[in-house]
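Enquirer: A single structure is presented below for examination.
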Amino acid sequence: MLTVSFIGLGNRGGIYGKYFFTDGRARIVSACDKCKENANRFHLEFGVDKAELFYDEETFFEKKRSDVLVIATPDREHYRHAKTALRLGYDLLMEKPVAPTAEETADIIDTAKKLGRNVVVCHNLRYTPFYQGIKRIVEDGLLGEVLSVEQSENVSYFHYLTSFVRGNWRKEDLSSAIILQKCCHDLDIIYWLIGKKCEKIASFGGLHFYCEDSAPKGSAHYCVDCDLKNCPYNAVDIYTKYHEMMNVPYGFDYSDENIKRYLSERSHHYGDCVFHSDNDVCDRQIVGMRFSGGVTASLLMQGFAATITDRTTSVYGSKGYLTGKFNDGKIKVNLFGQQPYEVDYNAEIRDGASHNGGDAKLVSDYITFRLGQGRPMGISLAEDSHYSHKLAFSAEQSRLAGGKSLTVE
Ligand SMILES: NC(=O)c1ccc[n+]([C@@H]2O[C@H](COP(=O)([O-])OP(=O)(O)OC[C@H]3O[C@@H](n4cnc5c(N)ncnc54)[C@H](O)[C@@H]3O)[C@@H](O)[C@H]2O)c1
């Protein structure tokens with residue numbers, strides 16, 4: 001039986017908690033969160049003893065409490081938590097990004113290596129039937145030699161607004177650059193599928209729409225005070241509909257009345273007009289890459305998709321290409337001179353509620369791996385993630401240098 005502790009018991013911690021709790025091969029023995037409501041969830045839902053719930057990291061880190069620590073705290077806490085935990089002797093399952101800066105990321109990976117600990121990063125897309133299916137097709141050589149990959153992350157406007165204009169990921173100094181924070185998954189998939197090193201990278205992008213310059217005449221700072229009619233970005237309209245997207249403590253009352261009251265508070269930014277908030281992360285960004293052997297890849301991230309956030313992936317090879325939409329769970333394979341056909345991965349999804357089965361599979365594969373029962377194909381040790389994180393750091397460096405083409409370190 002694998003023993004597991006958690007630090008950071010919010011949205012991600014809660015999702016992983018559920019899957020560790022239900023797997024049957026692991027036991028959650030202790031948990032820490034500075035928010036008491038979120039911590040208490042681990043007692044109520046996952047049976048963690050009250051004496052093993054901690055509300056401050058100092059007490060929690062007084063000693064090692066289990067085989068593994070899951071780190072699901074905000075990005076800016078990862079470095080401190082990972083370093084402390086590695087020194088205590090934990091193996092880590094940690095949320096991406098490993099850390100917000102290249103230096104901290106490298107330091108965590110070096111520390112793990114020196115101490116002989118393993119660190120697995122939560123690149124949940126790698127565990128989905130959709131991306132595992134694509135990876136198998138590529139590895140089986142069906143497409144011939146891989147020549148080019150095209151990836152887009154189309155973030156729905158209400159997801160983008162909630163997390164990146166009004167939420168905890170709206171400013172780089174609160175979290176990290178969006179190309180790392182949101183797109184390290186996409187860069188990881190590109191790198192995983194191509195399996196070669198990137199030689200050159202360039203990126204463009206910025207925050208050009210969800211900012212003051214685009215504010216409609218007469219718009220108020222807070223939506224509850226605004227007289228503009230039919231505004232698609234109105235906080236009250238969005239959060240009475242998509243309330244579960246807001247980052248609020250466990251047990252929050254999601255009734256329309258309470259949401260309206262909450263949005264009139266000034267202690268958070270969910271009630272902000274999207275044109276008057278203090279956000280600074282890009283609302284669009286593109287990355288162009290050349291990998292060894294001349295393989296090219298592109299990534300588009302944009303925060304203007306109308307419906308649910310979706311990714312599209314195309315892989316072009318010397319014998320044909322495949323293309324698919326992540327949320328459809330299907331890909332179309334077009335081999336030269338043959339009839340195109342479709343592969344549907346939906347039946348393989350075990351629990352689609354979270355990342356189309358990626359989170360459930362990530363936890364069960366991680367347990368398999370950590371118990372020494374095999375190495376499932378998705379497992380991405382920190383060294384693998386380090387490379388895809390480097391792509392993100394280099395892309396951001398290029399963007400800030402006006403799109404200069406850079407060599408990836
Ligand atoms: N893999 C993915 O697809 C994915 C998706 C979303 C977020 N994330 C990442 O997961 C991490 C957590 O995101 P989330 O959405 O769960 O955020 P969250 O805000 O819901 O949860 C974070 C929790 O950490 C707690 N916390 C903050 N500082 C703490 C400290 N010093 N000690 C103990 N607890 C502390 C907060 O109270 C909160 O409960 C972030 O790094 C985020 O970027 C990953």
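Each chain of the structure tokens is named A, B, ... in the order shown, its residues numbered from 1; ligands are numbered from 1 in display order.
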Leaving out Ile190 of chain A and any residue of its chain fewer than 2 positions from it, which residues lie within 8 Å of it when counting only C-alpha atoms, given as a list of chain:residue names?
Expert: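 Residues meeting the cut-off are A:Val149, A:Gln151, A:Asp186, A:Leu187, A:Asp188, A:Trp192, A:Leu193, A:Ile194, A:Ala297.
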Enquirer: Take the residues from that selection and write them out as a PDB file, in the first residue's frame, keeping all heavy atoms.
Expert:
ATOM      1  N   VAL A 149       4.345  19.220 -36.690  1.00  0.00           N
ATOM      2  CA  VAL A 149       3.249  19.073 -35.722  1.00  0.00           C
ATOM      3  C   VAL A 149       2.606  20.443 -35.519  1.00  0.00           C
ATOM      4  O   VAL A 149       3.303  21.461 -35.429  1.00  0.00           O
ATOM      5  CB  VAL A 149       3.781  18.530 -34.364  1.00  0.00           C
ATOM      6  CG1 VAL A 149       2.675  18.523 -33.306  1.00  0.00           C
ATOM      7  CG2 VAL A 149       4.353  17.121 -34.523  1.00  0.00           C
ATOM      8  N   GLN A 151      -0.202  22.338 -33.111  1.00  0.00           N
ATOM      9  CA  GLN A 151      -0.990  22.204 -31.874  1.00  0.00           C
ATOM     10  C   GLN A 151      -1.673  23.532 -31.598  1.00  0.00           C
ATOM     11  O   GLN A 151      -1.058  24.594 -31.735  1.00  0.00           O
ATOM     12  CB  GLN A 151      -0.034  21.840 -30.714  1.00  0.00           C
ATOM     13  CG  GLN A 151      -0.641  21.817 -29.330  1.00  0.00           C
ATOM     14  CD  GLN A 151      -1.380  20.505 -29.046  1.00  0.00           C
ATOM     15  OE1 GLN A 151      -1.431  19.599 -29.891  1.00  0.00           O
ATOM     16  NE2 GLN A 151      -1.965  20.393 -27.875  1.00  0.00           N
ATOM     17  N   ASP A 186       1.043  21.640 -23.702  1.00  0.00           N
ATOM     18  CA  ASP A 186       1.068  21.543 -25.173  1.00  0.00           C
ATOM     19  C   ASP A 186       2.492  21.376 -25.681  1.00  0.00           C
ATOM     20  O   ASP A 186       2.758  20.587 -26.583  1.00  0.00           O
ATOM     21  CB  ASP A 186       0.423  22.799 -25.784  1.00  0.00           C
ATOM     22  CG  ASP A 186      -0.993  22.965 -25.282  1.00  0.00           C
ATOM     23  OD1 ASP A 186      -1.890  22.325 -25.836  1.00  0.00           O
ATOM     24  OD2 ASP A 186      -1.198  23.696 -24.292  1.00  0.00           O
ATOM     25  N   LEU A 187       3.409  22.137 -25.069  1.00  0.00           N
ATOM     26  CA  LEU A 187       4.818  22.006 -25.466  1.00  0.00           C
ATOM     27  C   LEU A 187       5.321  20.614 -25.116  1.00  0.00           C
ATOM     28  O   LEU A 187       6.110  20.012 -25.854  1.00  0.00           O
ATOM     29  CB  LEU A 187       5.650  23.095 -24.782  1.00  0.00           C
ATOM     30  CG  LEU A 187       5.326  24.519 -25.284  1.00  0.00           C
ATOM     31  CD1 LEU A 187       5.889  25.577 -24.341  1.00  0.00           C
ATOM     32  CD2 LEU A 187       5.850  24.731 -26.706  1.00  0.00           C
ATOM     33  N   ASP A 188       4.825  20.097 -23.997  1.00  0.00           N
ATOM     34  CA  ASP A 188       5.215  18.744 -23.594  1.00  0.00           C
ATOM     35  C   ASP A 188       4.714  17.717 -24.615  1.00  0.00           C
ATOM     36  O   ASP A 188       5.434  16.790 -24.989  1.00  0.00           O
ATOM     37  CB  ASP A 188       4.640  18.453 -22.202  1.00  0.00           C
ATOM     38  CG  ASP A 188       5.033  17.072 -21.717  1.00  0.00           C
ATOM     39  OD1 ASP A 188       6.233  16.857 -21.479  1.00  0.00           O
ATOM     40  OD2 ASP A 188       4.147  16.193 -21.618  1.00  0.00           O
ATOM     41  N   TRP A 192       6.964  15.336 -26.805  1.00  0.00           N
ATOM     42  CA  TRP A 192       6.739  13.891 -26.624  1.00  0.00           C
ATOM     43  C   TRP A 192       6.501  13.213 -27.969  1.00  0.00           C
ATOM     44  O   TRP A 192       7.022  12.132 -28.245  1.00  0.00           O
ATOM     45  CB  TRP A 192       5.528  13.725 -25.699  1.00  0.00           C
ATOM     46  CG  TRP A 192       5.290  12.377 -25.111  1.00  0.00           C
ATOM     47  CD1 TRP A 192       6.204  11.555 -24.527  1.00  0.00           C
ATOM     48  CD2 TRP A 192       4.019  11.707 -25.006  1.00  0.00           C
ATOM     49  NE1 TRP A 192       5.577  10.422 -24.057  1.00  0.00           N
ATOM     50  CE2 TRP A 192       4.237  10.488 -24.340  1.00  0.00           C
ATOM     51  CE3 TRP A 192       2.716  12.024 -25.394  1.00  0.00           C
ATOM     52  CZ2 TRP A 192       3.211   9.580 -24.059  1.00  0.00           C
ATOM     53  CZ3 TRP A 192       1.695  11.127 -25.116  1.00  0.00           C
ATOM     54  CH2 TRP A 192       1.944   9.917 -24.453  1.00  0.00           C
ATOM     55  N   LEU A 193       5.712  13.865 -28.830  1.00  0.00           N
ATOM     56  CA  LEU A 193       5.387  13.262 -30.128  1.00  0.00           C
ATOM     57  C   LEU A 193       6.578  13.295 -31.080  1.00  0.00           C
ATOM     58  O   LEU A 193       6.819  12.340 -31.817  1.00  0.00           O
ATOM     59  CB  LEU A 193       4.188  13.986 -30.773  1.00  0.00           C
ATOM     60  CG  LEU A 193       2.845  13.821 -30.054  1.00  0.00           C
ATOM     61  CD1 LEU A 193       1.765  14.641 -30.747  1.00  0.00           C
ATOM     62  CD2 LEU A 193       2.432  12.346 -29.984  1.00  0.00           C
ATOM     63  N   ILE A 194       7.335  14.372 -31.045  1.00  0.00           N
ATOM     64  CA  ILE A 194       8.467  14.480 -31.981  1.00  0.00           C
ATOM     65  C   ILE A 194       9.668  13.675 -31.470  1.00  0.00           C
ATOM     66  O   ILE A 194      10.381  13.044 -32.252  1.00  0.00           O
ATOM     67  CB  ILE A 194       8.824  15.971 -32.216  1.00  0.00           C
ATOM     68  CG1 ILE A 194       7.666  16.668 -32.947  1.00  0.00           C
ATOM     69  CG2 ILE A 194      10.130  16.109 -33.004  1.00  0.00           C
ATOM     70  CD1 ILE A 194       7.838  18.151 -33.147  1.00  0.00           C
ATOM     71  N   ALA A 297       7.308  22.674 -35.801  1.00  0.00           N
ATOM     72  CA  ALA A 297       6.105  22.580 -34.967  1.00  0.00           C
ATOM     73  C   ALA A 297       5.609  23.982 -34.671  1.00  0.00           C
ATOM     74  O   ALA A 297       6.394  24.941 -34.620  1.00  0.00           O
ATOM     75  CB  ALA A 297       6.419  21.843 -33.664  1.00  0.00           C
TER      76      ALA A 297
END
Enquirer: Within 7 Å of ligand 1, counting only C-alpha atoms and all ligand atoms: which residues, as a list in words?
Expert: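 Using only C-alpha atoms and all ligand atoms, everything at most 7 Å from ligand 1 comes to Ile7, Gly8, Leu9, Gly10, Asn11, Arg12, Gly13, Cys32, Asp33, Lys34, Cys35, Asn38, Tyr55, Asp56, Glu57, Ala72, Thr73, Pro74, Asp75, Glu77, Glu95, Lys96, Pro97, Cys122, His123, Asn124, Gln181 and Asn247 of chain A.
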Enquirer: Find the spatial neighbours of Ser255 of chain A, counting only C-alpha atoms, within a cut-off of 8 Å - ignore same-chain residues fewer than 3 positions away - and output them as a count of residues only.
Expert: 3
Enquirer: What's around Lys390 of chain A at 8 Å? Count only C-alpha atoms, leave out sequence neighbours fewer than 2 positions away in its own chain, and write the answer as number ranges by chain.
Expert: A: 102, 386-388, 392-394, 408-409
Enquirer: Could you write out that same residue set with C-alpha atoms as a compact mmCIF listing (two decimals), in the first residue's frame?
Expert:
# COMPACT_ATOMS: atom_id res chain seq x y z
CA ALA A 102 14.14 28.35 -15.26
CA HIS A 386 12.41 19.95 -17.65
CA TYR A 387 12.86 19.94 -21.41
CA SER A 388 9.31 20.99 -22.22
CA ALA A 392 8.30 27.51 -22.52
CA PHE A 393 11.03 29.59 -20.89
CA SER A 394 12.75 30.07 -24.25
CA VAL A 408 17.03 26.35 -26.78
CA GLU A 409 19.61 25.85 -24.01
Enquirer: Residues within 10 Å of Leu400 of chain A, please, as a PyMOL selection string. Count only C-alpha atoms; anything in the same chain fewer than 4 positions from it doesn't count.
Expert: chain A and resi 203-206+394-396+404
Enquirer: Could you check how far atom CA of Ala39 of chain A sits from atom CA of Tyr250 of chain A, in Å to one decimal?
Expert: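 Calculated distance between atom CA of Ala39 of chain A and atom CA of Tyr250 of chain A is 8.6 Å.
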Enquirer: Can you work out the spacing between atom CA of Ala106 of chain A and atom CA of Tyr366 of chain A in Å, to one decimal?
Expert: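 These two atoms are separated by 22.3 Å.
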Enquirer: Find the residues around Thr323 of chain A up to 12 Å (only C-alpha atoms counted), leave out those fewer than 5 positions away in its own chain, and share them as an NGL selection string.
Expert: :A and (130-131 or 133-134 or 137 or 143 or 148-152 or 311-317 or 328-335 or 340-343)
Enquirer: Atoms to include: N, CA, C and O atoms. Write the selected residues as a CSV table (one decimal), in the first residue's frame.
Expert:
chain,number,residue,atom,x,y,z
A,130,PHE,N,-6.8,9.8,-26.0
A,130,PHE,CA,-6.6,10.6,-27.2
A,130,PHE,C,-5.1,10.8,-27.5
A,130,PHE,O,-4.6,10.4,-28.6
A,131,TYR,N,-4.3,11.3,-26.6
A,131,TYR,CA,-2.9,11.6,-26.9
A,131,TYR,C,-2.1,10.3,-26.9
A,131,TYR,O,-1.1,10.2,-27.6
A,133,GLY,N,-3.2,7.5,-27.9
A,133,GLY,CA,-3.5,6.9,-29.3
A,133,GLY,C,-2.6,7.6,-30.3
A,133,GLY,O,-2.1,6.9,-31.2
A,134,ILE,N,-2.5,8.9,-30.3
A,134,ILE,CA,-1.7,9.6,-31.3
A,134,ILE,C,-0.2,9.1,-31.2
A,134,ILE,O,0.4,8.8,-32.1
A,137,ILE,N,0.3,5.7,-32.7
A,137,ILE,CA,0.3,5.8,-34.2
A,137,ILE,C,1.6,6.3,-34.7
A,137,ILE,O,2.2,5.8,-35.6
A,143,LEU,N,2.6,7.0,-39.9
A,143,LEU,CA,2.7,8.2,-40.7
A,143,LEU,C,4.0,8.4,-41.4
A,143,LEU,O,4.2,9.4,-42.0
A,148,SER,N,6.1,17.4,-39.3
A,148,SER,CA,5.6,18.7,-38.7
A,148,SER,C,4.4,18.4,-37.7
A,148,SER,O,3.7,17.5,-38.0
A,149,VAL,N,4.3,19.2,-36.7
A,149,VAL,CA,3.2,19.1,-35.7
A,149,VAL,C,2.6,20.4,-35.5
A,149,VAL,O,3.3,21.5,-35.4
A,150,GLU,N,1.3,20.4,-35.5
A,150,GLU,CA,0.5,21.7,-35.3
A,150,GLU,C,-0.4,21.5,-34.1
A,150,GLU,O,-1.2,20.6,-34.1
A,151,GLN,N,-0.2,22.3,-33.1
A,151,GLN,CA,-1.0,22.2,-31.9
A,151,GLN,C,-1.7,23.5,-31.6
A,151,GLN,O,-1.1,24.6,-31.7
A,152,SER,N,-3.0,23.5,-31.2
A,152,SER,CA,-3.5,24.7,-30.7
A,152,SER,C,-4.3,24.5,-29.5
A,152,SER,O,-4.9,23.5,-29.3
A,311,ARG,N,-8.4,21.6,-27.5
A,311,ARG,CA,-7.1,21.6,-28.2
A,311,ARG,C,-7.3,20.8,-29.5
A,311,ARG,O,-8.1,19.9,-29.6
A,312,THR,N,-6.6,21.2,-30.5
A,312,THR,CA,-6.5,20.5,-31.8
A,312,THR,C,-5.1,20.1,-32.1
A,312,THR,O,-4.2,20.9,-31.8
A,313,THR,N,-4.9,18.9,-32.6
A,313,THR,CA,-3.5,18.5,-32.8
A,313,THR,C,-3.5,17.8,-34.2
A,313,THR,O,-4.4,17.0,-34.6
A,314,SER,N,-2.5,18.2,-35.0
A,314,SER,CA,-2.3,17.5,-36.3
A,314,SER,C,-0.8,17.1,-36.3
A,314,SER,O,0.1,17.9,-35.9
A,315,VAL,N,-0.6,15.9,-36.8
A,315,VAL,CA,0.8,15.4,-37.0
A,315,VAL,C,0.9,15.1,-38.5
A,315,VAL,O,0.2,14.3,-39.0
A,316,TYR,N,1.9,15.7,-39.2
A,316,TYR,CA,2.1,15.4,-40.6
A,316,TYR,C,3.4,14.6,-40.8
A,316,TYR,O,4.5,14.9,-40.2
A,317,GLY,N,3.3,13.5,-41.5
A,317,GLY,CA,4.4,12.6,-41.7
A,317,GLY,C,4.7,12.4,-43.2
A,317,GLY,O,3.9,12.9,-44.1
A,328,ASP,N,-13.4,15.9,-28.8
A,328,ASP,CA,-14.2,15.0,-29.5
A,328,ASP,C,-13.7,13.5,-29.2
A,328,ASP,O,-14.4,12.6,-29.4
A,329,GLY,N,-12.4,13.4,-28.8
A,329,GLY,CA,-11.8,12.1,-28.5
A,329,GLY,C,-11.6,11.3,-29.7
A,329,GLY,O,-11.5,10.0,-29.6
A,330,LYS,N,-11.6,11.9,-30.9
A,330,LYS,CA,-11.5,11.1,-32.1
A,330,LYS,C,-10.4,11.7,-33.0
A,330,LYS,O,-10.2,12.9,-33.0
A,331,ILE,N,-9.7,10.9,-33.7
A,331,ILE,CA,-8.8,11.4,-34.7
A,331,ILE,C,-9.0,10.8,-36.1
A,331,ILE,O,-9.6,9.7,-36.2
A,332,LYS,N,-8.7,11.6,-37.1
A,332,LYS,CA,-8.8,11.2,-38.5
A,332,LYS,C,-7.5,10.9,-39.0
A,332,LYS,O,-6.6,11.7,-38.9
A,333,VAL,N,-7.3,9.7,-39.6
A,333,VAL,CA,-6.0,9.3,-40.1
A,333,VAL,C,-6.1,9.3,-41.6
A,333,VAL,O,-7.0,8.7,-42.2
A,334,ASN,N,-5.3,10.1,-42.3
A,334,ASN,CA,-5.2,10.1,-43.7
A,334,ASN,C,-3.9,9.7,-44.2
A,334,ASN,O,-2.9,10.4,-44.2
A,335,LEU,N,-3.8,8.4,-44.7
A,335,LEU,CA,-2.6,7.9,-45.2
A,335,LEU,C,-2.6,8.1,-46.8
A,335,LEU,O,-3.6,7.9,-47.4
A,340,PRO,N,-9.3,7.7,-45.9
A,340,PRO,CA,-9.2,8.2,-44.5
A,340,PRO,C,-10.0,7.4,-43.6
A,340,PRO,O,-11.1,6.8,-44.0
A,341,TYR,N,-9.6,7.2,-42.4
A,341,TYR,CA,-10.4,6.5,-41.4
A,341,TYR,C,-10.4,7.2,-40.1
A,341,TYR,O,-9.5,8.0,-39.8
A,342,GLU,N,-11.3,6.9,-39.2
A,342,GLU,CA,-11.4,7.6,-37.9
A,342,GLU,C,-11.2,6.6,-36.8
A,342,GLU,O,-11.5,5.5,-36.9
A,343,VAL,N,-10.5,7.1,-35.7
A,343,VAL,CA,-10.3,6.3,-34.6
A,343,VAL,C,-11.0,7.0,-33.4
A,343,VAL,O,-10.7,8.2,-33.2
Enquirer: Given the choices A:Cys211, A:Cys183, A:Ile109, A:Cys273, which gets closest to Met301 of chain A if the distance is worked out from only C-alpha atoms?
Expert: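 Using only C-alpha atoms, Met301 of chain A sits closest to A:Cys183.
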Enquirer: Going by DSSP on the backbone, which bits of segment 16-226 of chain A are strand (DSSP E)? Write them as a ChimeraX atom specification, please.
Expert: /A:26-32,53-54,68-71,91-94,119-121,146-156,198-206
Enquirer: Could you please take those selected residues and save N, CA and C atoms as a CSV table (one decimal), in the first residue's frame?
Expert:
chain,number,residue,atom,x,y,z
A,26,ALA,N,-3.6,2.8,-2.6
A,26,ALA,CA,-2.9,3.9,-1.9
A,26,ALA,C,-3.8,4.4,-0.7
A,27,ARG,N,-3.1,5.0,0.3
A,27,ARG,CA,-3.8,5.5,1.4
A,27,ARG,C,-3.4,7.0,1.6
A,28,ILE,N,-4.3,7.9,1.7
A,28,ILE,CA,-3.9,9.3,2.0
A,28,ILE,C,-3.8,9.4,3.5
A,29,VAL,N,-2.6,9.7,4.0
A,29,VAL,CA,-2.4,9.7,5.4
A,29,VAL,C,-2.3,11.1,6.1
A,30,SER,N,-2.0,12.1,5.3
A,30,SER,CA,-1.9,13.4,5.9
A,30,SER,C,-2.1,14.5,4.8
A,31,ALA,N,-2.5,15.7,5.2
A,31,ALA,CA,-2.8,16.7,4.2
A,31,ALA,C,-2.7,18.1,4.9
A,32,CYS,N,-2.2,19.0,4.0
A,32,CYS,CA,-2.0,20.4,4.5
A,32,CYS,C,-2.5,21.4,3.6
A,53,LEU,N,-4.4,16.5,9.7
A,53,LEU,CA,-4.7,17.7,8.9
A,53,LEU,C,-3.9,18.8,9.4
A,54,PHE,N,-3.2,19.6,8.5
A,54,PHE,CA,-2.3,20.7,8.9
A,54,PHE,C,-2.8,21.9,8.2
A,68,VAL,N,5.1,9.3,-0.5
A,68,VAL,CA,4.9,10.3,-1.6
A,68,VAL,C,4.3,11.6,-1.1
A,69,LEU,N,4.7,12.7,-1.6
A,69,LEU,CA,3.9,13.9,-1.4
A,69,LEU,C,3.4,14.5,-2.7
A,70,VAL,N,2.1,14.8,-2.7
A,70,VAL,CA,1.5,15.4,-3.9
A,70,VAL,C,1.5,17.0,-3.6
A,71,ILE,N,2.2,17.7,-4.5
A,71,ILE,CA,2.2,19.2,-4.4
A,71,ILE,C,1.2,19.8,-5.4
A,91,ASP,N,9.3,11.2,-2.4
A,91,ASP,CA,9.2,11.3,-3.8
A,91,ASP,C,8.0,12.2,-4.1
A,92,LEU,N,8.0,12.8,-5.2
A,92,LEU,CA,7.0,13.9,-5.5
A,92,LEU,C,6.1,13.6,-6.7
A,93,LEU,N,4.9,13.8,-6.6
A,93,LEU,CA,4.0,14.0,-7.7
A,93,LEU,C,3.6,15.4,-7.7
A,94,MET,N,4.1,16.2,-8.6
A,94,MET,CA,3.8,17.6,-8.5
A,94,MET,C,3.1,18.3,-9.7
A,119,VAL,N,10.7,12.5,-9.2
A,119,VAL,CA,9.7,13.6,-9.3
A,119,VAL,C,8.9,13.4,-10.6
A,120,VAL,N,7.6,13.2,-10.4
A,120,VAL,CA,6.7,13.0,-11.6
A,120,VAL,C,5.9,14.3,-11.7
A,121,VAL,N,5.8,14.9,-12.9
A,121,VAL,CA,5.1,16.1,-13.1
A,121,VAL,C,3.7,15.8,-13.7
A,146,VAL,N,8.0,11.7,-39.0
A,146,VAL,CA,7.2,12.8,-38.6
A,146,VAL,C,8.0,14.1,-39.1
A,147,LEU,N,7.2,14.9,-39.8
A,147,LEU,CA,7.8,16.1,-40.4
A,147,LEU,C,7.4,17.4,-39.7
A,148,SER,N,6.1,17.4,-39.3
A,148,SER,CA,5.6,18.7,-38.7
A,148,SER,C,4.4,18.4,-37.7
A,149,VAL,N,4.3,19.2,-36.7
A,149,VAL,CA,3.2,19.1,-35.7
A,149,VAL,C,2.6,20.4,-35.5
A,150,GLU,N,1.3,20.4,-35.5
A,150,GLU,CA,0.5,21.7,-35.3
A,150,GLU,C,-0.4,21.5,-34.1
A,151,GLN,N,-0.2,22.3,-33.1
A,151,GLN,CA,-1.0,22.2,-31.9
A,151,GLN,C,-1.7,23.5,-31.6
A,152,SER,N,-3.0,23.5,-31.2
A,152,SER,CA,-3.5,24.7,-30.7
A,152,SER,C,-4.3,24.5,-29.5
A,153,GLU,N,-4.2,25.5,-28.6
A,153,GLU,CA,-5.0,25.4,-27.3
A,153,GLU,C,-5.9,26.6,-27.4
A,154,ASN,N,-7.2,26.2,-27.6
A,154,ASN,CA,-8.2,27.2,-27.8
A,154,ASN,C,-9.0,27.3,-26.5
A,155,VAL,N,-8.6,28.4,-25.7
A,155,VAL,CA,-9.1,28.5,-24.4
A,155,VAL,C,-10.5,29.2,-24.5
A,156,SER,N,-11.5,28.6,-23.9
A,156,SER,CA,-12.8,29.3,-24.0
A,156,SER,C,-12.8,30.6,-23.3
A,198,CYS,N,14.8,20.5,-29.6
A,198,CYS,CA,14.4,21.7,-30.4
A,198,CYS,C,15.6,22.5,-30.6
A,199,GLU,N,15.9,22.9,-31.9
A,199,GLU,CA,17.1,23.7,-32.2
A,199,GLU,C,16.8,25.2,-32.1
A,200,LYS,N,15.6,25.6,-32.6
A,200,LYS,CA,15.4,27.1,-32.7
A,200,LYS,C,13.9,27.3,-32.3
A,201,ILE,N,13.7,28.4,-31.7
A,201,ILE,CA,12.3,28.7,-31.2
A,201,ILE,C,12.1,30.2,-31.3
A,202,ALA,N,10.9,30.6,-31.7
A,202,ALA,CA,10.5,32.0,-31.7
A,202,ALA,C,9.1,32.2,-31.3
A,203,SER,N,8.7,33.3,-30.7
A,203,SER,CA,7.4,33.4,-30.2
A,203,SER,C,6.9,34.9,-30.3
A,204,PHE,N,5.6,35.1,-30.6
A,204,PHE,CA,5.0,36.4,-30.6
A,204,PHE,C,3.7,36.3,-29.7
A,205,GLY,N,3.3,37.4,-29.2
A,205,GLY,CA,2.0,37.4,-28.5
A,205,GLY,C,2.0,38.6,-27.6
A,206,GLY,N,0.9,38.7,-26.9
A,206,GLY,CA,0.7,39.8,-25.9
A,206,GLY,C,-0.7,39.8,-25.4
Enquirer: Could you check which of A:Lys64, A:Gln302, A:Lys196, A:Leu2 is closest to Asp23 of chain A, using only C-alpha atoms?
Expert: A:Leu2
Enquirer: Need to verify the contact set: Phe61 of chain A, 9 Å, only C-alpha atoms, exclusion of same-chain residues closer than 6 positions in sequence. Can you return it as a list in words?
Expert: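 After dropping sequence-adjacent residues, the list is His81, Thr84, Ala85 and Leu88 of chain A.
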Enquirer: What are the closest atom pairs, with distances in Å to one decimal, for each residue of segment 267-340 of chain A lying within 12 Å of segment 169-173 of chain A, using only C-alpha atoms, rows by chain and rising residue number, as JSON lines?
Expert:
{"residue": "A:His268", "atom": "CA", "partner": "A:Arg170", "partner_atom": "CA", "distance": 11.8}
{"residue": "A:His269", "atom": "CA", "partner": "A:Arg170", "partner_atom": "CA", "distance": 9.6}
{"residue": "A:Tyr270", "atom": "CA", "partner": "A:Arg170", "partner_atom": "CA", "distance": 10.9}
{"residue": "A:Asp272", "atom": "CA", "partner": "A:Arg170", "partner_atom": "CA", "distance": 11.9}
{"residue": "A:Val274", "atom": "CA", "partner": "A:Arg170", "partner_atom": "CA", "distance": 10.8}
{"residue": "A:Ser277", "atom": "CA", "partner": "A:Arg170", "partner_atom": "CA", "distance": 9.0}
{"residue": "A:Asp278", "atom": "CA", "partner": "A:Lys171", "partner_atom": "CA", "distance": 7.5}
{"residue": "A:Asn279", "atom": "CA", "partner": "A:Arg170", "partner_atom": "CA", "distance": 4.7}
{"residue": "A:Asp280", "atom": "CA", "partner": "A:Lys171", "partner_atom": "CA", "distance": 5.1}
{"residue": "A:Val281", "atom": "CA", "partner": "A:Lys171", "partner_atom": "CA", "distance": 5.7}
{"residue": "A:Cys282", "atom": "CA", "partner": "A:Arg170", "partner_atom": "CA", "distance": 9.2}
{"residue": "A:Asp283", "atom": "CA", "partner": "A:Arg170", "partner_atom": "CA", "distance": 10.1}
